[in-house]
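Enquirer: Input file: protein_22.cif. Contents: mmCIF, C-alpha atoms.
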```
data_work
loop_
_atom_site.group_PDB
_atom_site.id
_atom_site.type_symbol
_atom_site.label_atom_id
_atom_site.label_comp_id
_atom_site.auth_asym_id
_atom_site.auth_seq_id
_atom_site.Cartn_x
_atom_site.Cartn_y
_atom_site.Cartn_z
ATOM 1 C CA MET S 735 14.807 4.481 25.640
ATOM 2 C CA TYR S 736 14.299 0.790 26.356
ATOM 3 C CA PRO S 737 16.143 -1.597 23.964
ATOM 4 C CA ALA S 738 12.852 -3.227 22.888
ATOM 5 C CA ARG S 739 11.359 0.171 22.052
ATOM 6 C CA ARG S 740 14.502 1.127 20.117
ATOM 7 C CA VAL S 741 14.265 -2.081 18.063
ATOM 8 C CA LEU S 742 10.602 -1.352 17.365
ATOM 9 C CA TYR S 743 11.413 2.134 16.067
ATOM 10 C CA VAL S 744 14.064 0.625 13.790
ATOM 11 C CA LYS S 745 11.481 -1.867 12.469
ATOM 12 C CA LEU S 746 8.923 0.892 11.795
ATOM 13 C CA THR S 747 11.537 2.995 10.009
ATOM 14 C CA LEU S 748 12.510 -0.007 7.873
ATOM 15 C CA MET S 749 8.796 -0.593 7.250
ATOM 16 C CA ALA S 750 8.607 2.852 5.638
ATOM 17 C CA VAL S 751 11.792 2.188 3.645
ATOM 18 C CA PHE S 752 10.482 -1.158 2.385
ATOM 19 C CA TRP S 753 7.028 0.197 1.523
ATOM 20 C CA SER S 754 8.570 3.101 -0.359
ATOM 21 C CA GLY S 755 10.586 0.611 -2.406
ATOM 22 C CA VAL S 756 7.370 -0.896 -3.782
ATOM 23 C CA PHE S 757 7.042 1.924 -6.317
ATOM 24 C CA PRO S 758 10.365 1.406 -8.155
ATOM 25 C CA ALA S 759 10.163 -2.379 -7.619
ATOM 26 C CA VAL S 760 6.838 -2.630 -9.474
ATOM 27 C CA ASN S 761 8.339 -0.578 -12.285
ATOM 28 C CA ILE S 762 11.286 -3.005 -12.531
ATOM 29 C CA VAL S 763 9.064 -6.124 -12.436
ATOM 30 C CA LEU S 764 6.791 -4.884 -15.216
ATOM 31 C CA LYS S 765 9.724 -4.483 -17.599
ATOM 32 C CA SER S 766 9.909 -8.264 -18.085
ATOM 33 C CA MET S 767 6.861 -9.800 -16.384
ATOM 34 C CA GLY S 768 3.179 -9.555 -17.212
ATOM 35 C CA LEU S 769 1.104 -7.257 -15.018
ATOM 36 C CA PHE S 770 -1.395 -9.886 -13.861
ATOM 37 C CA ALA S 771 1.288 -12.538 -13.357
ATOM 38 C CA SER S 772 3.320 -10.185 -11.159
ATOM 39 C CA VAL S 773 0.338 -9.261 -8.982
ATOM 40 C CA PHE S 774 -0.802 -12.876 -8.677
ATOM 41 C CA LEU S 775 2.628 -14.243 -7.751
ATOM 42 C CA ARG S 776 3.292 -11.454 -5.244
ATOM 43 C CA PHE S 777 0.120 -11.922 -3.230
ATOM 44 C CA TRP S 778 -0.210 -15.684 -3.646
ATOM 45 C CA LEU S 779 3.298 -16.164 -2.242
ATOM 46 C CA ALA S 780 2.734 -13.546 0.474
ATOM 47 C CA SER S 781 -0.519 -15.232 1.507
ATOM 48 C CA LEU S 782 1.245 -18.598 1.855
ATOM 49 C CA ILE S 783 3.834 -17.028 4.162
ATOM 50 C CA LEU S 784 1.194 -15.238 6.237
ATOM 51 C CA LEU S 785 -1.009 -18.341 6.486
ATOM 52 C CA PHE S 786 1.987 -20.299 7.761
ATOM 53 C CA LEU S 787 2.689 -17.576 10.357
ATOM 54 C CA LEU S 788 -0.995 -17.495 11.303
ATOM 55 C CA ARG S 789 -1.016 -21.248 11.881
ATOM 56 C CA TRP S 790 2.187 -21.002 13.908
ATOM 57 C CA ARG S 791 1.171 -18.008 16.047
ATOM 58 C CA GLU S 792 -2.472 -18.839 16.713
ATOM 59 C CA GLN S 793 -2.061 -22.639 16.561
ATOM 60 C CA ARG S 794 -4.927 -22.834 14.075
ATOM 61 C CA LEU S 795 -6.472 -21.321 10.977
ATOM 62 C CA PRO S 796 -9.640 -19.557 12.182
ATOM 63 C CA ARG S 797 -12.867 -20.768 10.575
ATOM 64 C CA LEU S 798 -14.856 -18.042 8.880
ATOM 65 C CA SER S 799 -18.535 -17.490 9.534
ATOM 66 C CA PRO S 800 -20.732 -16.881 6.452
ATOM 67 C CA ARG S 801 -20.625 -13.125 7.180
ATOM 68 C CA GLU S 802 -16.822 -13.157 7.573
ATOM 69 C CA PHE S 803 -16.450 -15.196 4.372
ATOM 70 C CA VAL S 804 -18.396 -12.613 2.354
ATOM 71 C CA MET S 805 -16.479 -9.750 3.967
ATOM 72 C CA VAL S 806 -13.079 -11.339 3.289
ATOM 73 C CA LEU S 807 -14.067 -12.156 -0.298
ATOM 74 C CA VAL S 808 -15.161 -8.551 -0.956
ATOM 75 C CA LEU S 809 -12.020 -7.162 0.676
ATOM 76 C CA GLY S 810 -9.844 -9.559 -1.310
ATOM 77 C CA VAL S 811 -11.354 -8.607 -4.650
ATOM 78 C CA LEU S 812 -11.397 -4.896 -3.802
ATOM 79 C CA GLY S 813 -8.075 -4.484 -1.984
ATOM 80 C CA ILE S 814 -5.939 -7.113 -3.701
ATOM 81 C CA SER S 815 -7.349 -8.045 -7.123
ATOM 82 C CA VAL S 816 -8.697 -4.717 -8.383
ATOM 83 C CA TYR S 817 -6.580 -2.259 -6.401
ATOM 84 C CA ASN S 818 -3.197 -3.816 -7.111
ATOM 85 C CA CYS S 819 -3.911 -4.419 -10.792
ATOM 86 C CA LEU S 820 -4.901 -0.763 -11.123
ATOM 87 C CA PHE S 821 -1.869 0.275 -9.054
ATOM 88 C CA SER S 822 0.529 -1.680 -11.265
ATOM 89 C CA TYR S 823 -1.148 -0.405 -14.430
ATOM 90 C CA GLY S 824 -0.925 3.172 -13.178
ATOM 91 C CA LEU S 825 2.782 2.720 -12.420
ATOM 92 C CA SER S 826 3.329 1.484 -15.973
ATOM 93 C CA LEU S 827 2.074 4.870 -17.213
ATOM 94 C CA VAL S 828 3.297 7.308 -14.552
ATOM 95 C CA GLU S 829 6.770 7.893 -13.092
ATOM 96 C CA ALA S 830 7.315 6.058 -9.809
ATOM 97 C CA SER S 831 8.292 9.297 -8.056
ATOM 98 C CA ARG S 832 4.997 10.980 -8.985
ATOM 99 C CA ALA S 833 2.940 7.909 -8.122
ATOM 100 C CA ALA S 834 4.679 7.842 -4.720
ATOM 101 C CA LEU S 835 3.213 11.264 -3.934
ATOM 102 C CA ILE S 836 -0.298 10.462 -5.144
ATOM 103 C CA VAL S 837 -1.132 7.001 -3.769
ATOM 104 C CA PRO S 838 0.181 7.516 -0.174
ATOM 105 C CA THR S 839 -2.427 10.254 0.372
ATOM 106 C CA ASN S 840 -4.815 7.365 1.132
ATOM 107 C CA PRO S 841 -4.963 8.139 4.888
ATOM 108 C CA ALA S 842 -6.117 11.697 4.228
ATOM 109 C CA PHE S 843 -8.873 10.626 1.849
ATOM 110 C CA THR S 844 -9.885 7.793 4.181
ATOM 111 C CA ALA S 845 -10.226 10.285 7.048
ATOM 112 C CA LEU S 846 -12.328 12.515 4.797
ATOM 113 C CA PHE S 847 -14.646 9.697 3.687
ATOM 114 C CA ALA S 848 -14.942 8.426 7.270
ATOM 115 C CA ALA S 849 -16.079 11.876 8.331
ATOM 116 C CA ILE S 850 -18.607 12.090 5.494
ATOM 117 C CA LEU S 851 -19.939 8.519 5.458
ATOM 118 C CA LEU S 852 -19.396 7.325 9.027
ATOM 119 C CA LYS S 853 -19.799 10.711 10.721
ATOM 120 C CA GLU S 854 -16.411 10.374 12.427
ATOM 121 C CA HIS S 855 -15.037 13.536 14.001
ATOM 122 C CA LEU S 856 -12.411 15.133 11.759
ATOM 123 C CA GLY S 857 -11.251 18.156 13.730
ATOM 124 C CA GLY S 858 -9.468 21.276 12.538
ATOM 125 C CA VAL S 859 -5.938 19.864 12.479
ATOM 126 C CA ARG S 860 -6.877 16.727 10.545
ATOM 127 C CA ALA S 861 -9.069 18.772 8.188
ATOM 128 C CA ALA S 862 -6.056 20.968 7.428
ATOM 129 C CA GLY S 863 -4.009 17.829 6.819
ATOM 130 C CA VAL S 864 -6.604 16.484 4.404
ATOM 131 C CA ALA S 865 -6.650 19.810 2.541
ATOM 132 C CA LEU S 866 -2.839 19.894 2.221
ATOM 133 C CA SER S 867 -2.705 16.264 1.056
ATOM 134 C CA VAL S 868 -5.398 16.827 -1.565
ATOM 135 C CA LEU S 869 -3.672 19.994 -2.772
ATOM 136 C CA GLY S 870 -0.307 18.216 -2.947
ATOM 137 C CA ALA S 871 -1.790 15.256 -4.820
ATOM 138 C CA LEU S 872 -3.505 17.566 -7.315
ATOM 139 C CA TRP S 873 -0.271 19.480 -7.864
ATOM 140 C CA VAL S 874 1.630 16.249 -8.567
ATOM 141 C CA LEU S 875 -1.209 14.994 -10.800
ATOM 142 C CA ALA S 876 -0.898 18.184 -12.814
ATOM 143 C CA GLY S 877 2.861 17.758 -13.123
ATOM 144 C CA GLY S 878 3.433 21.097 -11.419
ATOM 145 C CA SER S 879 1.521 22.953 -14.140
ATOM 146 C CA PHE S 880 -1.082 25.566 -13.200
ATOM 147 C CA GLN S 881 -2.653 25.276 -16.662
ATOM 148 C CA THR S 882 -3.043 21.507 -16.408
ATOM 149 C CA LEU S 883 -4.495 21.871 -12.914
ATOM 150 C CA ALA S 884 -6.927 24.597 -13.980
ATOM 151 C CA ASN S 885 -8.130 22.605 -16.985
ATOM 152 C CA LEU S 886 -8.074 19.253 -15.121
ATOM 153 C CA GLU S 887 -6.127 17.758 -18.033
ATOM 154 C CA PHE S 888 -4.924 14.548 -16.420
ATOM 155 C CA GLY S 889 -3.604 11.519 -18.265
ATOM 156 C CA ALA S 890 -4.905 7.948 -18.049
ATOM 157 C CA GLY S 891 -2.186 6.894 -15.609
ATOM 158 C CA GLU S 892 -2.968 9.737 -13.231
ATOM 159 C CA LEU S 893 -6.692 8.930 -13.301
ATOM 160 C CA VAL S 894 -5.970 5.245 -12.606
ATOM 161 C CA LEU S 895 -3.920 6.224 -9.541
ATOM 162 C CA VAL S 896 -6.743 8.467 -8.329
ATOM 163 C CA ALA S 897 -9.078 5.471 -8.648
ATOM 164 C CA CYS S 898 -6.588 3.552 -6.471
ATOM 165 C CA ILE S 899 -6.984 6.142 -3.719
ATOM 166 C CA PHE S 900 -10.766 5.756 -3.674
ATOM 167 C CA MET S 901 -10.442 1.962 -3.884
ATOM 168 C CA TRP S 902 -8.070 1.771 -0.918
ATOM 169 C CA SER S 903 -10.191 4.135 1.167
ATOM 170 C CA ALA S 904 -13.201 1.861 0.633
ATOM 171 C CA TYR S 905 -11.044 -1.160 1.498
ATOM 172 C CA THR S 906 -9.847 0.498 4.718
ATOM 173 C CA LEU S 907 -13.339 1.452 5.872
ATOM 174 C CA LEU S 908 -14.682 -2.049 5.151
ATOM 175 C CA GLY S 909 -11.669 -3.552 6.893
ATOM 176 C CA ARG S 910 -12.573 -1.776 10.120
ATOM 177 C CA VAL S 911 -15.796 -3.751 10.218
ATOM 178 C CA ALA S 912 -14.029 -7.054 9.526
ATOM 179 C CA LEU S 913 -11.372 -6.383 12.186
ATOM 180 C CA SER S 914 -14.045 -6.438 14.855
ATOM 181 C CA SER S 915 -14.120 -10.254 14.659
ATOM 182 C CA LEU S 916 -10.774 -11.288 13.087
ATOM 183 C CA SER S 917 -7.191 -10.599 14.149
ATOM 184 C CA PRO S 918 -5.149 -8.346 11.813
ATOM 185 C CA LEU S 919 -2.933 -11.297 10.842
ATOM 186 C CA ALA S 920 -5.885 -13.587 10.075
ATOM 187 C CA LEU S 921 -7.730 -10.905 8.124
ATOM 188 C CA THR S 922 -4.721 -9.970 5.987
ATOM 189 C CA ALA S 923 -3.701 -13.583 5.314
ATOM 190 C CA TYR S 924 -7.219 -14.537 4.202
ATOM 191 C CA VAL S 925 -7.735 -11.349 2.198
ATOM 192 C CA MET S 926 -4.483 -11.904 0.278
ATOM 193 C CA ALA S 927 -5.322 -15.564 -0.324
ATOM 194 C CA PHE S 928 -8.855 -14.807 -1.529
ATOM 195 C CA GLY S 929 -7.709 -11.775 -3.522
ATOM 196 C CA SER S 930 -4.969 -13.593 -5.400
ATOM 197 C CA VAL S 931 -7.278 -16.311 -6.761
ATOM 198 C CA PRO S 932 -9.254 -14.167 -9.278
ATOM 199 C CA ILE S 933 -5.996 -12.795 -10.715
ATOM 200 C CA ALA S 934 -4.851 -16.299 -11.643
ATOM 201 C CA ILE S 935 -7.216 -16.385 -14.631
ATOM 202 C CA PRO S 936 -6.034 -13.168 -16.368
ATOM 203 C CA ALA S 937 -2.446 -14.084 -15.412
ATOM 204 C CA TRP S 938 -2.832 -17.368 -17.329
ATOM 205 C CA LEU S 939 -4.558 -15.671 -20.274
ATOM 206 C CA GLU S 940 -1.795 -13.061 -20.390
ATOM 207 C CA HIS S 941 0.554 -15.570 -22.035
ATOM 208 C CA ALA S 942 3.641 -13.834 -20.676
ATOM 209 C CA PRO S 943 6.287 -16.598 -20.354
ATOM 210 C CA LEU S 944 7.989 -16.566 -16.971
ATOM 211 C CA ALA S 945 11.109 -17.940 -18.643
ATOM 212 C CA GLN S 946 11.610 -14.524 -20.221
ATOM 213 C CA VAL S 947 11.648 -12.722 -16.878
ATOM 214 C CA THR S 948 15.064 -11.213 -16.134
ATOM 215 C CA TRP S 949 16.937 -11.839 -12.899
ATOM 216 C CA GLN S 950 16.232 -8.215 -11.962
ATOM 217 C CA GLY S 951 12.521 -8.939 -12.356
ATOM 218 C CA TRP S 952 12.694 -11.990 -10.073
ATOM 219 C CA VAL S 953 14.686 -10.083 -7.449
ATOM 220 C CA ALA S 954 12.170 -7.239 -7.567
ATOM 221 C CA LEU S 955 9.278 -9.724 -7.226
ATOM 222 C CA GLY S 956 10.965 -11.342 -4.230
ATOM 223 C CA TYR S 957 11.406 -7.894 -2.729
ATOM 224 C CA LEU S 958 7.727 -7.066 -3.300
ATOM 225 C CA THR S 959 6.624 -10.321 -1.666
ATOM 226 C CA VAL S 960 8.808 -10.313 1.442
ATOM 227 C CA PHE S 961 9.934 -6.721 1.993
ATOM 228 C CA GLY S 962 7.066 -4.919 0.278
ATOM 229 C CA THR S 963 4.227 -7.014 1.720
ATOM 230 C CA VAL S 964 4.919 -9.507 4.535
ATOM 231 C CA LEU S 965 7.463 -7.756 6.772
ATOM 232 C CA PRO S 966 5.929 -4.239 6.673
ATOM 233 C CA PHE S 967 2.535 -5.658 7.588
ATOM 234 C CA LEU S 968 3.913 -7.613 10.558
ATOM 235 C CA TRP S 969 5.980 -4.689 11.826
ATOM 236 C CA PHE S 970 3.207 -2.146 11.382
ATOM 237 C CA TYR S 971 0.776 -4.124 13.519
ATOM 238 C CA GLU S 972 3.541 -4.757 16.037
ATOM 239 C CA GLY S 973 3.888 -0.968 16.224
ATOM 240 C CA VAL S 974 0.120 -0.490 16.517
ATOM 241 C CA LYS S 975 0.032 -2.944 19.429
ATOM 242 C CA ALA S 976 2.922 -1.281 21.288
ATOM 243 C CA LEU S 977 2.476 2.409 20.386
ATOM 244 C CA GLY S 978 -1.124 2.765 19.220
ATOM 245 C CA ALA S 979 -2.423 3.265 15.679
ATOM 246 C CA ALA S 980 -1.848 7.032 15.562
ATOM 247 C CA ARG S 981 1.831 6.923 16.548
ATOM 248 C CA ALA S 982 2.598 3.902 14.366
ATOM 249 C CA ALA S 983 0.940 5.621 11.396
ATOM 250 C CA GLN S 984 3.355 8.543 11.717
ATOM 251 C CA PHE S 985 6.095 6.377 10.213
ATOM 252 C CA ILE S 986 4.030 6.056 7.020
ATOM 253 C CA ASN S 987 4.731 9.769 6.485
ATOM 254 C CA LEU S 988 8.277 8.762 5.529
ATOM 255 C CA VAL S 989 7.076 6.741 2.510
ATOM 256 C CA PRO S 990 6.582 9.569 -0.052
ATOM 257 C CA PRO S 991 10.017 11.248 0.275
ATOM 258 C CA LEU S 992 11.806 7.902 0.566
ATOM 259 C CA ALA S 993 10.026 6.568 -2.527
ATOM 260 C CA VAL S 994 11.004 9.671 -4.502
ATOM 261 C CA LEU S 995 14.648 9.243 -3.472
ATOM 262 C CA GLU S 996 14.599 5.538 -4.369
ATOM 263 C CA ALA S 997 13.043 6.300 -7.767
ATOM 264 C CA MET S 998 15.798 8.852 -8.408
ATOM 265 C CA PHE S 999 18.496 6.348 -7.432
ATOM 266 C CA LEU S 1000 17.106 3.157 -9.023
ATOM 267 C CA LEU S 1001 15.207 4.522 -12.028
ATOM 268 C CA ASP S 1002 17.168 7.718 -12.722
ATOM 269 C CA GLU S 1003 14.068 9.884 -12.342
ATOM 270 C CA LYS S 1004 14.486 13.628 -11.813
ATOM 271 C CA LEU S 1005 13.445 15.706 -8.797
ATOM 272 C CA THR S 1006 11.702 18.707 -10.355
ATOM 273 C CA PRO S 1007 10.622 21.843 -8.452
ATOM 274 C CA GLY S 1008 6.976 20.856 -8.970
ATOM 275 C CA LEU S 1009 7.609 17.399 -7.542
ATOM 276 C CA LEU S 1010 9.447 18.898 -4.566
ATOM 277 C CA ALA S 1011 6.564 21.285 -3.828
ATOM 278 C CA GLY S 1012 4.026 18.477 -4.099
ATOM 279 C CA MET S 1013 6.114 16.292 -1.793
ATOM 280 C CA ALA S 1014 6.246 19.035 0.847
ATOM 281 C CA LEU S 1015 2.464 19.477 0.735
ATOM 282 C CA VAL S 1016 1.747 15.723 0.867
ATOM 283 C CA VAL S 1017 4.165 15.028 3.736
ATOM 284 C CA ALA S 1018 2.846 17.987 5.751
ATOM 285 C CA GLY S 1019 -0.733 16.887 5.078
ATOM 286 C CA LEU S 1020 -0.064 13.288 6.102
ATOM 287 C CA TYR S 1021 1.667 14.454 9.281
ATOM 288 C CA LEU S 1022 -1.361 16.496 10.322
ATOM 289 C CA THR S 1023 -3.826 13.779 9.276
ATOM 290 C CA ASN S 1024 -2.022 11.078 11.259
ATOM 291 C CA LYS S 1025 -1.118 13.333 14.200
ATOM 292 C CA PRO S 1026 -2.289 11.898 17.523
ATOM 293 C CA PRO S 1027 -5.177 13.928 19.013
#
```
In structure tokens, write the structure found in this file.
Expert:
Amino acid sequence: MYPARRVLYVKLTLMAVFWSGVFPAVNIVLKSMGLFASVFLRFWLASLILLFLLRWREQRLPRLSPREFVMVLVLGVLGISVYNCLFSYGLSLVEASRAALIVPTNPAFTALFAAILLKEHLGGVRAAGVALSVLGALWVLAGGSFQTLANLEFGAGELVLVACIFMWSAYTLLGRVALSSLSPLALTAYVMAFGSVPIAIPAWLEHAPLAQVTWQGWVALGYLTVFGTVLPFLWFYEGVKALGAARAAQFINLVPPLAVLEAMFLLDEKLTPGLLAGMALVVAGLYLTNKPP
């Protein structure tokens, strides 16, 4: 293996490790910082870093056409403002380990919606992956209880996380259209910048003094900004450029089990038989969904 390719594989593995750490990190931040303030600061700071990198790499900040402006604004509100506020709220109600097996099924649901709405070819293998991911997510939603699953007795936190899945699938499908005219770096930098602005108002109205935030909360926020947002994005698209989207996406399959392990280590959460079964179904489903044709 060439040294450059080896370094890339290390980056993509670290990408999965860093993304999986988002689940316990959000939990830690919310213990001393307001929900809206944490989301605003994370993406406002991340957007500043990405805009600086965009200016450095492309020697300019691309001007948006009226169509691109509307698209970026919609993506920002949908994928940053609404999605991440719902995501953080869901994590305040549901264990990080369970959330880590529900939310990462996004690729499977996106593939399903793309097949239904955009008439994209799904294929037998990917269809099986979607089915396993959905089954695993439902099992985790039900807490490993057949009775809860049969009666569809889900709590508010679980329903919020399900809404996140649908929200992110819509964001992904809309993003495909926007990517036809903007580079991935430009699109993400603008989307984060536009998406962080609406959160500033509820963050201010929240009246949660930043002076009361613990050092653990600030460290977790720094982690979310740099290691949970900026670096994984840069490394993922580096992997897409060198390996292709399908092969790079395979590393995302590592996120659910890694997030469960990190939640056990950092938050002292327990690995139950139901959680283990759900994890096996979700990981197998994501593998088949993201498997190169």
Enquirer: What is the atom CA of Thr948 of chain S-atom CA of Leu769 of chain S distance in Å, reported with one decimal?
Expert: 14.6 Å
Enquirer: Please give the centre and size of the box around segment 756-763 of chain S (axis-aligned, containing every atom listed in the file, 8 Å added per side), with values in Å to one decimal and written as lines of an AutoDock Vina configuration file.
Expert:
```
center_x = 9.1
center_y = -2.1
center_z = -8.2
size_x = 20.4
size_y = 24.0
size_z = 24.7
```
Enquirer: Do you know which residues are at most 7 Å from Leu895 of chain S counting all atoms listed in the file, after dropping those on the same chain fewer than 4 positions away, and could you put them as a PDB file with C-alpha atoms, in the frame of the given file?
Expert:
```pdb
ATOM      1  CA  PHE S 821      -1.869   0.275  -9.054  1.00  0.00           C
ATOM      2  CA  GLY S 824      -0.925   3.172 -13.178  1.00  0.00           C
ATOM      3  CA  VAL S 837      -1.132   7.001  -3.769  1.00  0.00           C
ATOM      4  CA  GLY S 891      -2.186   6.894 -15.609  1.00  0.00           C
ATOM      5  CA  ILE S 899      -6.984   6.142  -3.719  1.00  0.00           C
TER       6      ILE S 899
END
```
Enquirer: Ranking S:Leu1022, S:Leu919, S:Ala927, S:Trp952 by minimum distance to Pro796 of chain S and counting only C-alpha atoms, which one comes first?
Expert: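 Result for the nearest residue to Pro796 of chain S: S:Leu919.
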Enquirer: Please return, as a VMD selection string, all polymer residues that have at least one atom within 7 Å of the point (6.1, 15.7, -4.0); use all atoms listed in the file and the file's own coordinate frame.
Expert: chain S and resid 832 835 870 874 1009 to 1014 1016
Enquirer: So which residues touch Leu852 of chain S within 12 Å, counting all atoms listed in the file, skipping near sequence neighbours fewer than 4 positions away, as an NGL selection string?
Expert: :S and (844-848 or 856 or 904 or 907-908 or 910-911)
Enquirer: From the set S:Lys1025, S:Arg860, S:Arg776, S:Arg739, which residue has the shortest atom-to-atom contact distance to Thr963 of chain S, counting only C-alpha atoms?
Expert: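 Checking each of S:Lys1025, S:Arg860, S:Arg776, S:Arg739 against Thr963 of chain S, counting only C-alpha atoms, the winner is S:Arg776.
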Enquirer: Run the PyMOL selection byres ((chain S and resi 861-866) around 9) on the file and write out the hits as a list in words.
Expert: Thr839, Pro841, Ala842, Phe843, Ala845, Leu846, Leu856, Gly857, Gly858, Val859, Arg860, Ser867, Val868, Leu869, Gly870, Ala871, Leu1015, Val1016, Val1017, Ala1018, Gly1019, Leu1020, Tyr1021, Leu1022, Thr1023 and Asn1024 of chain S
Enquirer: So, with all atoms listed in the file as the atoms that count, which of S:Leu785, S:Leu825, S:Ala830, S:Ala976 lies closest to Val894 of chain S?
Expert: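 For Val894 of chain S, the nearest of the candidates is S:Leu825.
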Enquirer: Go through S:Ala890, S:Leu872, S:Gln881, S:Phe774 and flag the residue nearest Leu827 of chain S, using all atoms listed in the file for the distances.
Expert: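 Counting all atoms listed in the file, the residue closest to Leu827 of chain S is S:Ala890.
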Enquirer: Identify, on the basis of all atoms listed in the file, every residue whose closest approach to segment 750-764 of chain S does not exceed 6 Å; exclude the query and any residue fewer than 4 positions from it along the same chain; express the result as a VMD selection string.
Expert: chain S and resid 830 951 954 961 to 962 986 988 to 989 992 to 993 997
Enquirer: Which residue is closest to Lys975 of chain S? Choose from S:Val828, S:Leu742, S:Leu798, S:Ile783 and count all atoms listed in the file.
Expert: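 Using all atoms listed in the file, Lys975 of chain S sits closest to S:Leu742.
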